[in-house]
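Report on the structure given below.
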2 protein chains.
Amino acid sequence: MRTRPRELTVAAQDYLKAIHALEDEGVRVTTSALAERMSVSAPSATAMAKRLAGLGLVERTPYRGVALTETGRACALEVIRHHRLLERYLADRLGLTLDEVHAEAELLEHALSEELEARIDAELGYPTHDPHGDPIPDAELKLDAERGRTLSDLDEGERAAVSRVPDGDPGLLRYLAELGLVPEAEVEVLRRAPYGGPVTVRTVVGEHAISRELAGRIAVA
Amino acid sequence: MRTRPRELTVAAQDYLKAIHALEDEGVRVTTSALAERMSVSAPSATAMAKRLAGLGLVERTPYRGVALTETGRACALEVIRHHRLLERYLADRLGLTLDEVHAEAELLEHALSEELEARIDAELGYPTHDPHGDPIPDAELKLDAERGRTLSDLDEGERAAVSRVPDGDPGLLRYLAELGLVPEAEVEVLRRAPYGGPVTVRTVVGEHAISRELAGRIAVA
DNA sequence: AGCGCAGTTTAGTCATAGCTAATTCCGATC
DNA sequence: GATCGGAATTAGCTATGACTAAACTGCGCT
Ligand SMILES: [Mn+2]
Ligand SMILES: [Mn+2]
Ligand SMILES: [Mn+2]
Ligand SMILES: [Mn+2]
């Protein structure tokens, strides 16, 4: 197991997280993809890519993009673990709602020591998923793959439980919560309009139509 | 009530805290005092003093030092409130020990939102003191003065309860805990050696002699 | 009153992390 | 295989916050 450089800056940690997310989505991590994800100009992304490459955290091919090294992946997973454990904690122990936890965890993740991380993990009973249904890397940074089906994959009449909702946008999360689309909730797909049309679902809250695209971002089990 | 500039840097917040502490100790906040307290070179302290003055957070007189403005004091108290609330939370809810809480809170204090601060405050039942016995500024940033007696002020034979111990040094806190000198603990002063000599105290743990200087840093009620 | 020294500030550097404007590269198209 | 356009990089700038070395100030002492 490679030693990972402790004392990464907050910015470096956030870039690593973004690179990990892009790789996870199967997107090539180009300068423009990274810049867009980080809400930063392309030259800023280039500069950080070089810095991360210098630290041995990414492999960089000029004009091609970057890829996490083993060390870089470990650093990214470390931050993701902090983020998701904190979300779980904030939701379970301090009653923050699904739409609130992300922003808080985004800040706290960089200020969490390994000791406190372990304490929180134990306190929560070693949870495996955050409140949005995303898997929490374990203490050895192993992460479940879990690329399952989504609401848009279900046939009409099929029932399932929501397992995962998109985590970044508070407005969207409030909207989904209103519709009864939260992790663990039961859903039934009533109709799937053709030509990429909306998906109509029934939840405890009632019947609602959502776009195919959004349905594709809600995982079920 | 002056508006205080949100979005102060972590460094600025830590300097304001240090300036507040020095003023509280009655020390003139000179460049060298500030540099020493922040473990930074004198030119670095000068530069930050100028930046803070530019933000209207301190009054600066070249070659003389700085003093917090009302706005600056509010910013300092905000950070102190975060710090002490977090210490209280970490001790009460996550079982961190007296010597561990300070370092953790030092990092987390800058990443705590006002909403989460309020949530934690409520969860704890609006505590008035941190685990070291330091007063927590309330939501309006009012802070108790509380300049009481210390162990070195007690006469031989006097009994009291420890109300406050120095909070920064983990080794010292472990040592004091071994001696039974923790907030709330009962103490009796047995002997006070002349010429600034040691103070001998009895606690539940037994009899121990500590320096007059250290005794002077332990408050009693 | 003047000297000198300690303490303070200025000057000049470095690293991080962002920006815009200018330039360069790559690959798709002709 | 040359050309062109979009993506990427370089160049040059800003701000923060640290440093060392050099210059300056003010105050206490003679
Ligand atoms: Mn973050
Ligand atoms: Mn960790
Ligand atoms: Mn701090
Ligand atoms: Mn606050």
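FYI, nothing fancy with the structure tokens labels: chains A, B, ... in order, residues from 1 per chain, ligands from 1 as they appear.
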Quiz item: Contacts of Ser39 (chain B) at 12 Å or less, counting only C-alpha atoms (C1' of nucleotides), minus same-chain residues fewer than 4 places along, as a ChimeraX atom specification?
Solution: /B:14-15,18,31-35,43-45 /D:18
Given the selection you just returned, output its residues as a file containing N, CA, C and O atoms (P, O5', C5', C4', C3', O3' and C1' of nucleotides), formatted as an mmCIF file, in the first residue's frame.
```cif
data_model
loop_
_atom_site.group_PDB
_atom_site.id
_atom_site.type_symbol
_atom_site.label_atom_id
_atom_site.label_comp_id
_atom_site.auth_asym_id
_atom_site.auth_seq_id
_atom_site.Cartn_x
_atom_site.Cartn_y
_atom_site.Cartn_z
ATOM 1 N N ASP B 14 -7.825 32.847 12.827
ATOM 2 C CA ASP B 14 -6.928 32.419 13.903
ATOM 3 C C ASP B 14 -6.158 33.595 14.502
ATOM 4 O O ASP B 14 -5.939 33.651 15.714
ATOM 5 N N TYR B 15 -5.770 34.547 13.658
ATOM 6 C CA TYR B 15 -5.119 35.749 14.183
ATOM 7 C C TYR B 15 -6.076 36.520 15.089
ATOM 8 O O TYR B 15 -5.689 36.992 16.161
ATOM 9 N N ALA B 18 -6.232 34.964 18.366
ATOM 10 C CA ALA B 18 -5.008 35.207 19.134
ATOM 11 C C ALA B 18 -4.996 36.621 19.698
ATOM 12 O O ALA B 18 -4.612 36.839 20.847
ATOM 13 N N THR B 31 3.448 43.512 17.641
ATOM 14 C CA THR B 31 3.815 42.598 16.563
ATOM 15 C C THR B 31 4.511 41.356 17.116
ATOM 16 O O THR B 31 4.199 40.236 16.720
ATOM 17 N N SER B 32 5.415 41.564 18.033
ATOM 18 C CA SER B 32 6.179 40.411 18.517
ATOM 19 C C SER B 32 5.319 39.486 19.368
ATOM 20 O O SER B 32 5.437 38.265 19.270
ATOM 21 N N ALA B 33 4.426 40.049 20.171
ATOM 22 C CA ALA B 33 3.531 39.197 20.969
ATOM 23 C C ALA B 33 2.646 38.352 20.060
ATOM 24 O O ALA B 33 2.462 37.148 20.274
ATOM 25 N N LEU B 34 2.144 38.996 19.022
ATOM 26 C CA LEU B 34 1.261 38.300 18.100
ATOM 27 C C LEU B 34 2.015 37.235 17.311
ATOM 28 O O LEU B 34 1.550 36.088 17.152
ATOM 29 N N ALA B 35 3.224 37.613 16.848
ATOM 30 C CA ALA B 35 4.041 36.672 16.079
ATOM 31 C C ALA B 35 4.368 35.452 16.931
ATOM 32 O O ALA B 35 4.232 34.306 16.492
ATOM 33 N N PRO B 43 7.590 39.769 10.511
ATOM 34 C CA PRO B 43 7.039 40.360 9.279
ATOM 35 C C PRO B 43 5.691 39.751 8.891
ATOM 36 O O PRO B 43 4.822 40.454 8.368
ATOM 37 N N SER B 44 5.515 38.467 9.134
ATOM 38 C CA SER B 44 4.224 37.844 8.827
ATOM 39 C C SER B 44 3.120 38.461 9.672
ATOM 40 O O SER B 44 2.019 38.740 9.176
ATOM 41 N N ALA B 45 3.423 38.693 10.932
ATOM 42 C CA ALA B 45 2.426 39.303 11.821
ATOM 43 C C ALA B 45 2.108 40.726 11.378
ATOM 44 O O ALA B 45 0.947 41.139 11.376
ATOM 45 P P DA D 18 0.320 33.016 7.875
ATOM 46 O "O5'" DA D 18 1.917 32.841 7.897
ATOM 47 C "C5'" DA D 18 2.487 31.596 7.778
ATOM 48 C "C4'" DA D 18 3.656 31.554 6.794
ATOM 49 C "C3'" DA D 18 4.945 32.298 7.160
ATOM 50 O "O3'" DA D 18 5.671 31.628 8.157
ATOM 51 C "C1'" DA D 18 4.536 32.376 4.840
#
```
Each residue of chain A with at least one atom at most 12 Å from chain B should appear once, together with its nearest atom pair and the corresponding distance in Å (one decimal); atoms considered: only C-alpha atoms; ordering: chain, then increasing residue number; output as a Markdown table.
```
| residue | atom | partner | partner_atom | distance |
| --- | --- | --- | --- | --- |
| A:Val10 | CA | B:Ala111 | CA | 11.6 |
| A:Tyr89 | CA | B:Leu94 | CA | 11.3 |
| A:Leu90 | CA | B:Leu116 | CA | 8.9 |
| A:Ala91 | CA | B:Leu116 | CA | 11.4 |
| A:Arg93 | CA | B:Glu123 | CA | 9.2 |
| A:Leu94 | CA | B:Arg119 | CA | 6.8 |
| A:Gly95 | CA | B:Arg119 | CA | 8.4 |
| A:Leu96 | CA | B:Leu116 | CA | 8.5 |
| A:Thr97 | CA | B:Leu116 | CA | 11.7 |
| A:Glu100 | CA | B:Glu115 | CA | 9.7 |
| A:Val101 | CA | B:Leu116 | CA | 9.9 |
| A:Ala103 | CA | B:Ser113 | CA | 9.5 |
| A:Glu104 | CA | B:Ser113 | CA | 7.1 |
| A:Ala105 | CA | B:Ala111 | CA | 9.1 |
| A:Glu106 | CA | B:Ala111 | CA | 9.1 |
| A:Leu107 | CA | B:Ala111 | CA | 5.4 |
| A:Leu108 | CA | B:Ala111 | CA | 5.4 |
| A:Glu109 | CA | B:Ala111 | CA | 8.9 |
| A:His110 | CA | B:Ala111 | CA | 8.5 |
| A:Ala111 | CA | B:Leu107 | CA | 5.4 |
| A:Leu112 | CA | B:Leu108 | CA | 7.2 |
| A:Ser113 | CA | B:Glu104 | CA | 7.1 |
| A:Glu114 | CA | B:Glu104 | CA | 10.3 |
| A:Glu115 | CA | B:Glu104 | CA | 9.3 |
| A:Leu116 | CA | B:Glu104 | CA | 7.8 |
| A:Glu117 | CA | B:Leu94 | CA | 10.7 |
| A:Ala118 | CA | B:Leu94 | CA | 10.5 |
| A:Arg119 | CA | B:Leu94 | CA | 6.8 |
| A:Ile120 | CA | B:Leu94 | CA | 7.2 |
| A:Asp121 | CA | B:Leu94 | CA | 10.5 |
| A:Ala122 | CA | B:Leu94 | CA | 9.7 |
| A:Glu123 | CA | B:Leu94 | CA | 7.4 |
| A:Leu124 | CA | B:Leu94 | CA | 10.5 |
```
Exercise. Write out as a ChimeraX atom specification all residues of region 11-211 of chain A that backbone DSSP assigns to alpha helix (DSSP H).
Key: /A:11-24,31-38,42-54,70-94,98-108,114-123,170-178
Quiz item: Where in region 15-118 of chain B does DSSP assign strand (DSSP E or B), given as a list of chain:residue names?
Solution: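 Residues of region 15-118 of chain B classed as strand (DSSP E or B): B:Val58, B:Glu59, B:Arg60, B:Thr61, B:Gly65, B:Val66, B:Ala67, B:Leu68.
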So that I have them on file, write out the residues from the current selection with all heavy atoms, as a compact mmCIF listing (two decimals), in the first residue's frame.
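Dumped everything to result-v1.txt:
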```txt
# COMPACT_ATOMS: atom_id res chain seq x y z
N VAL B 58 -9.22 45.47 12.98
CA VAL B 58 -8.36 45.97 14.05
C VAL B 58 -7.99 47.42 13.75
O VAL B 58 -8.04 47.87 12.61
CB VAL B 58 -7.04 45.16 14.20
CG1 VAL B 58 -7.32 43.70 14.49
CG2 VAL B 58 -6.16 45.31 12.97
N GLU B 59 -7.66 48.10 14.82
CA GLU B 59 -7.09 49.43 14.76
C GLU B 59 -5.59 49.22 14.86
O GLU B 59 -5.14 48.56 15.79
CB GLU B 59 -7.57 50.20 16.00
CG GLU B 59 -7.48 51.68 15.89
CD GLU B 59 -8.71 52.22 15.16
OE1 GLU B 59 -9.84 51.88 15.59
OE2 GLU B 59 -8.52 52.95 14.20
N ARG B 60 -4.86 49.73 13.89
CA ARG B 60 -3.41 49.49 13.93
C ARG B 60 -2.66 50.80 14.05
O ARG B 60 -2.94 51.75 13.31
CB ARG B 60 -2.97 48.78 12.66
CG ARG B 60 -1.50 48.42 12.64
CD ARG B 60 -1.14 47.63 11.39
NE ARG B 60 -0.35 48.42 10.47
CZ ARG B 60 0.99 48.39 10.44
NH1 ARG B 60 1.65 47.58 11.26
NH2 ARG B 60 1.64 49.13 9.59
N THR B 61 -1.73 50.87 14.97
CA THR B 61 -0.84 52.01 15.07
C THR B 61 0.57 51.49 14.82
O THR B 61 1.09 50.71 15.61
CB THR B 61 -0.89 52.63 16.48
OG1 THR B 61 -2.25 52.73 16.89
CG2 THR B 61 -0.26 54.01 16.49
N GLY B 65 1.20 48.49 17.69
CA GLY B 65 0.42 47.27 17.85
C GLY B 65 -0.99 47.42 17.32
O GLY B 65 -1.29 48.37 16.61
N VAL B 66 -1.83 46.47 17.66
CA VAL B 66 -3.21 46.49 17.16
C VAL B 66 -4.20 46.32 18.32
O VAL B 66 -3.84 45.86 19.39
CB VAL B 66 -3.46 45.34 16.16
CG1 VAL B 66 -2.66 45.52 14.88
CG2 VAL B 66 -3.18 43.98 16.79
N ALA B 67 -5.43 46.73 18.08
CA ALA B 67 -6.53 46.50 19.02
C ALA B 67 -7.76 46.13 18.21
O ALA B 67 -7.99 46.70 17.13
CB ALA B 67 -6.79 47.77 19.83
N LEU B 68 -8.53 45.18 18.67
CA LEU B 68 -9.73 44.77 17.96
C LEU B 68 -10.72 45.92 17.88
O LEU B 68 -10.90 46.65 18.85
CB LEU B 68 -10.40 43.59 18.68
CG LEU B 68 -9.70 42.24 18.62
CD1 LEU B 68 -10.43 41.24 19.51
CD2 LEU B 68 -9.59 41.72 17.20
```
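The nearest approach to chain A among the residues D:DC29, D:DC19, D:DA11, D:DC24, with only C-alpha atoms (C1' of nucleotides) taken into account, belongs to D:DA11.
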Self-check item: Minimum-distance residue to DA21 (chain D), chosen among C:DG12, C:DG18, C:DG27, C:DG2 (using only C-alpha atoms (C1' of nucleotides))
Solution: C:DG12
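By only C-alpha atoms (C1' of nucleotides), and with residues fewer than 4 positions from DT8 (chain C) along its chain excluded, the set lying at most 8 Å from it is Thr31, Ala42 and Tyr63 of chain B; DT25 of chain D.
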File of the preceding selection, N, CA and C atoms (P, O5', C5', C4', C3', O3' and C1' of nucleotides), as a PDB file, in the first residue's frame:
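The result, written out as result_37.pdb:
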```pdb
ATOM      1  N   THR B  31       3.448  43.512  17.641  1.00  0.00           N
ATOM      2  CA  THR B  31       3.815  42.598  16.563  1.00  0.00           C
ATOM      3  C   THR B  31       4.511  41.356  17.116  1.00  0.00           C
ATOM      4  N   ALA B  42       7.947  37.903  12.690  1.00  0.00           N
ATOM      5  CA  ALA B  42       7.406  39.238  12.922  1.00  0.00           C
ATOM      6  C   ALA B  42       6.869  39.871  11.627  1.00  0.00           C
ATOM      7  N   TYR B  63       4.243  50.501  14.719  1.00  0.00           N
ATOM      8  CA  TYR B  63       5.231  50.434  15.801  1.00  0.00           C
ATOM      9  C   TYR B  63       4.577  50.318  17.177  1.00  0.00           C
TER      10      TYR B  63
ATOM     11  P    DT D  25      12.146  55.792   9.618  1.00  0.00           P
ATOM     12  O5'  DT D  25      11.184  55.434  10.837  1.00  0.00           O
ATOM     13  C5'  DT D  25      11.432  54.194  11.496  1.00  0.00           C
ATOM     14  C4'  DT D  25      10.711  54.124  12.815  1.00  0.00           C
ATOM     15  C3'  DT D  25      10.685  55.404  13.623  1.00  0.00           C
ATOM     16  O3'  DT D  25       9.574  55.289  14.478  1.00  0.00           O
ATOM     17  C1'  DT D  25      12.196  53.850  14.622  1.00  0.00           C
TER      18       DT D  25
END
```
Exercise. With a distance threshold of 12 Å and counting only C-alpha atoms (C1' of nucleotides), extract the residues of chain C near chain B and express them as a list of chain:residue names.
Key: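 Applying the cut-off to the listed atoms yields C:DA6, C:DG7, C:DT8, C:DT9, C:DT10, C:DA11.
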Take the residues from that selection and write them out as a short mmCIF file (atom, residue, chain, number, x, y, z; two decimals), in the first residue's frame, keeping all heavy atoms.
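What landed in out_0.cif:
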```cif
data_model
loop_
_atom_site.label_atom_id
_atom_site.label_comp_id
_atom_site.auth_asym_id
_atom_site.auth_seq_id
_atom_site.Cartn_x
_atom_site.Cartn_y
_atom_site.Cartn_z
P DA C 6 19.59 44.16 21.74
OP1 DA C 6 20.43 43.47 22.73
OP2 DA C 6 19.72 43.84 20.31
"O5'" DA C 6 18.06 43.97 22.14
"C5'" DA C 6 17.43 44.89 23.05
"C4'" DA C 6 16.04 45.25 22.53
"O4'" DA C 6 16.16 46.28 21.50
"C3'" DA C 6 15.31 44.08 21.87
"O3'" DA C 6 13.98 44.09 22.32
"C2'" DA C 6 15.44 44.35 20.37
"C1'" DA C 6 15.45 45.88 20.34
N9 DA C 6 16.13 46.47 19.19
C8 DA C 6 17.24 46.01 18.55
N7 DA C 6 17.64 46.76 17.55
C5 DA C 6 16.71 47.79 17.53
C6 DA C 6 16.56 48.93 16.70
N6 DA C 6 17.39 49.20 15.69
N1 DA C 6 15.53 49.75 16.95
C2 DA C 6 14.70 49.46 17.96
N3 DA C 6 14.74 48.42 18.82
C4 DA C 6 15.77 47.62 18.53
P DG C 7 12.96 42.94 21.97
OP1 DG C 7 12.39 42.45 23.23
OP2 DG C 7 13.65 42.03 21.02
"O5'" DG C 7 11.81 43.67 21.15
"C5'" DG C 7 11.47 45.02 21.47
"C4'" DG C 7 10.87 45.68 20.26
"O4'" DG C 7 11.91 46.09 19.35
"C3'" DG C 7 9.95 44.76 19.46
"O3'" DG C 7 8.80 45.51 19.16
"C2'" DG C 7 10.78 44.43 18.21
"C1'" DG C 7 11.55 45.72 18.03
N9 DG C 7 12.77 45.64 17.23
C8 DG C 7 13.76 44.69 17.27
N7 DG C 7 14.73 44.91 16.41
C5 DG C 7 14.34 46.08 15.76
C6 DG C 7 14.99 46.81 14.72
O6 DG C 7 16.06 46.58 14.16
N1 DG C 7 14.27 47.94 14.36
C2 DG C 7 13.06 48.30 14.93
N2 DG C 7 12.50 49.41 14.44
N3 DG C 7 12.44 47.64 15.88
C4 DG C 7 13.14 46.54 16.26
P DT C 8 7.49 44.92 18.40
OP1 DT C 8 6.27 45.45 19.04
OP2 DT C 8 7.67 43.45 18.22
"O5'" DT C 8 7.65 45.62 16.96
"C5'" DT C 8 7.69 47.04 16.92
"C4'" DT C 8 7.82 47.50 15.48
"O4'" DT C 8 9.16 47.29 15.02
"C3'" DT C 8 6.90 46.78 14.51
"O3'" DT C 8 6.03 47.75 13.93
"C2'" DT C 8 7.85 46.12 13.49
"C1'" DT C 8 9.16 46.89 13.68
N1 DT C 8 10.40 46.11 13.45
C2 DT C 8 11.32 46.57 12.54
O2 DT C 8 11.18 47.60 11.89
N3 DT C 8 12.45 45.79 12.39
C4 DT C 8 12.73 44.62 13.05
O4 DT C 8 13.77 44.00 12.84
C5 DT C 8 11.71 44.18 13.99
C7 DT C 8 11.91 42.90 14.75
C6 DT C 8 10.62 44.94 14.14
P DT C 9 4.93 47.37 12.82
OP1 DT C 9 3.84 48.33 12.92
OP2 DT C 9 4.68 45.92 12.86
"O5'" DT C 9 5.77 47.70 11.50
"C5'" DT C 9 6.33 49.00 11.35
"C4'" DT C 9 7.22 49.04 10.13
"O4'" DT C 9 8.35 48.16 10.31
"C3'" DT C 9 6.53 48.59 8.84
"O3'" DT C 9 6.67 49.62 7.89
"C2'" DT C 9 7.28 47.32 8.44
"C1'" DT C 9 8.64 47.53 9.09
N1 DT C 9 9.39 46.29 9.41
C2 DT C 9 10.63 46.08 8.89
O2 DT C 9 11.19 46.87 8.13
N3 DT C 9 11.25 44.92 9.27
C4 DT C 9 10.74 43.95 10.10
O4 DT C 9 11.40 42.94 10.38
C5 DT C 9 9.42 44.22 10.62
C7 DT C 9 8.76 43.24 11.55
C6 DT C 9 8.81 45.36 10.26
P DT C 10 6.00 49.51 6.44
OP1 DT C 10 5.56 50.86 6.07
OP2 DT C 10 5.08 48.37 6.43
"O5'" DT C 10 7.26 49.13 5.52
"C5'" DT C 10 8.36 50.02 5.43
"C4'" DT C 10 9.44 49.42 4.54
"O4'" DT C 10 9.98 48.23 5.18
"C3'" DT C 10 8.96 48.97 3.16
"O3'" DT C 10 9.89 49.46 2.23
"C2'" DT C 10 8.96 47.45 3.24
"C1'" DT C 10 10.09 47.20 4.23
N1 DT C 10 10.07 45.93 4.98
C2 DT C 10 11.18 45.13 4.98
O2 DT C 10 12.19 45.40 4.36
N3 DT C 10 11.07 43.99 5.73
C4 DT C 10 9.99 43.58 6.47
O4 DT C 10 10.02 42.54 7.11
C5 DT C 10 8.85 44.46 6.43
C7 DT C 10 7.62 44.12 7.19
C6 DT C 10 8.94 45.59 5.70
P DA C 11 9.58 49.45 0.67
OP1 DA C 11 10.00 50.79 0.18
OP2 DA C 11 8.22 48.96 0.40
"O5'" DA C 11 10.62 48.35 0.13
"C5'" DA C 11 11.89 48.17 0.78
"C4'" DA C 11 12.59 46.96 0.19
"O4'" DA C 11 12.46 45.83 1.10
"C3'" DA C 11 12.02 46.47 -1.15
"O3'" DA C 11 13.10 46.05 -1.97
"C2'" DA C 11 11.13 45.31 -0.75
"C1'" DA C 11 11.92 44.72 0.41
N9 DA C 11 11.12 43.97 1.37
C8 DA C 11 9.86 44.27 1.82
N7 DA C 11 9.39 43.41 2.69
C5 DA C 11 10.40 42.48 2.82
C6 DA C 11 10.53 41.31 3.61
N6 DA C 11 9.57 40.88 4.43
N1 DA C 11 11.67 40.60 3.50
C2 DA C 11 12.63 41.04 2.67
N3 DA C 11 12.63 42.13 1.89
C4 DA C 11 11.48 42.80 2.02
#
```
Self-check item: Closest of A:Ala49, A:Cys75, A:Ile19, A:Ala221 to chain D - atom-to-atom distances counting only C-alpha atoms (C1' of nucleotides)
Solution: A:Ala49
Practice problem: Give the answer as one residue: which of C:DA22, C:DA1, C:DC14, C:DA28 has the shortest atom-to-atom distance to DT9 (chain D), using only C-alpha atoms (C1' of nucleotides)? | Solution: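 Among the listed residues, the smallest separation from DT9 (chain D) belongs to C:DA22.
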Quiz item: In Å, how far is it from CA of Leu98 (chain B) to CA of Val27 (chain B)?
Solution: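 Separating CA of Leu98 (chain B) from CA of Val27 (chain B) is a distance of 26.8 Å.
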Exercise. Up to 10 Å from chain A, what residues of chain D turn up? Count only C-alpha atoms (C1' of nucleotides) and give them as a list in words.
Key: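 Close to chain A, chain D has DA7, DA8, DT9 and DT10 of chain D.
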Selected residues written out, N, CA and C atoms (P, O5', C5', C4', C3', O3' and C1' of nucleotides), as a tab-separated table (two decimals), in the first residue's frame:
```tsv
chain	number	residue	atom	x	y	z
D	7	DA	P	-14.03	22.61	-27.56
D	7	DA	O5'	-12.74	21.94	-26.93
D	7	DA	C5'	-12.15	20.80	-27.54
D	7	DA	C4'	-10.76	20.59	-27.00
D	7	DA	C3'	-10.63	20.88	-25.50
D	7	DA	O3'	-9.82	19.85	-24.95
D	7	DA	C1'	-9.11	22.24	-26.71
D	8	DA	P	-9.34	19.80	-23.43
D	8	DA	O5'	-7.89	20.47	-23.54
D	8	DA	C5'	-6.89	19.80	-24.30
D	8	DA	C4'	-5.57	20.51	-24.12
D	8	DA	C3'	-5.24	20.85	-22.67
D	8	DA	O3'	-4.00	20.21	-22.36
D	8	DA	C1'	-5.03	22.78	-24.07
D	9	DT	P	-3.17	20.50	-21.05
D	9	DT	O5'	-2.30	21.75	-21.51
D	9	DT	C5'	-1.34	21.56	-22.55
D	9	DT	C4'	-0.61	22.86	-22.81
D	9	DT	C3'	0.14	23.41	-21.61
D	9	DT	O3'	1.50	23.56	-21.98
D	9	DT	C1'	-1.16	25.11	-22.64
D	10	DT	P	2.58	24.06	-20.93
D	10	DT	O5'	2.71	25.61	-21.28
D	10	DT	C5'	3.20	25.99	-22.56
D	10	DT	C4'	3.18	27.50	-22.67
D	10	DT	C3'	3.96	28.23	-21.57
D	10	DT	O3'	4.81	29.15	-22.23
D	10	DT	C1'	1.78	29.11	-21.74
```
Quiz prompt | Nearest-residue call for Glu25 (chain B), choices B:Leu85, B:Ala145, B:Leu77, B:Val220, using only C-alpha atoms | solution =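 Using only C-alpha atoms, the shortest distance to Glu25 (chain B) belongs to B:Ala145.
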Quiz item: Got a sec: who's within 12 Å of Thr9 (chain A), counting only C-alpha atoms (C1' of nucleotides), leaving out chain neighbours fewer than 2 positions off, as a VMD selection string?
Solution: (chain A and resid 5 to 7 11 to 16 48 51 to 52 55 75 79 110 to 111) or (chain C and resid 15 to 17)
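Straight-line separation from CA of Thr69 (chain A) to CA of Glu146 (chain A): 21.8 Å.
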Exercise. Do a neighbour search on region 140-142 of chain A at 10 Å with only C-alpha atoms (C1' of nucleotides), toss out local chain neighbours closer than 3 positions, and write the hits as a list of chain:residue names.
Key: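 So, after excluding close chain neighbours, the residues are A:Arg73, A:Ala74, A:Cys75, A:Ala76, A:Leu77, A:Glu78, A:Ile80, A:Arg81, A:Pro135, A:Ile136, A:Pro137, A:Ala145.
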Quiz prompt | Long-range neighbours of Pro166 (chain B) as a list in words, 7 Å cut-off, only C-alpha atoms (C1' of nucleotides), 4 positions minimum in chain | solution =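 Contacts, in chain order: His132, Arg217 and Ile218 of chain B.
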Could you take the residues named above and write them with C-alpha atoms, as a short mmCIF file (atom, residue, chain, number, x, y, z; two decimals), in the first residue's frame?
```cif
data_model
loop_
_atom_site.label_atom_id
_atom_site.label_comp_id
_atom_site.auth_asym_id
_atom_site.auth_seq_id
_atom_site.Cartn_x
_atom_site.Cartn_y
_atom_site.Cartn_z
CA HIS B 132 -11.90 23.07 30.09
CA ARG B 217 -3.45 29.06 35.68
CA ILE B 218 -6.05 26.87 37.33
#
```
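Between CA of Ile210 (chain B) and CA of Arg192 (chain B) the interatomic distance comes to 9.9 Å.
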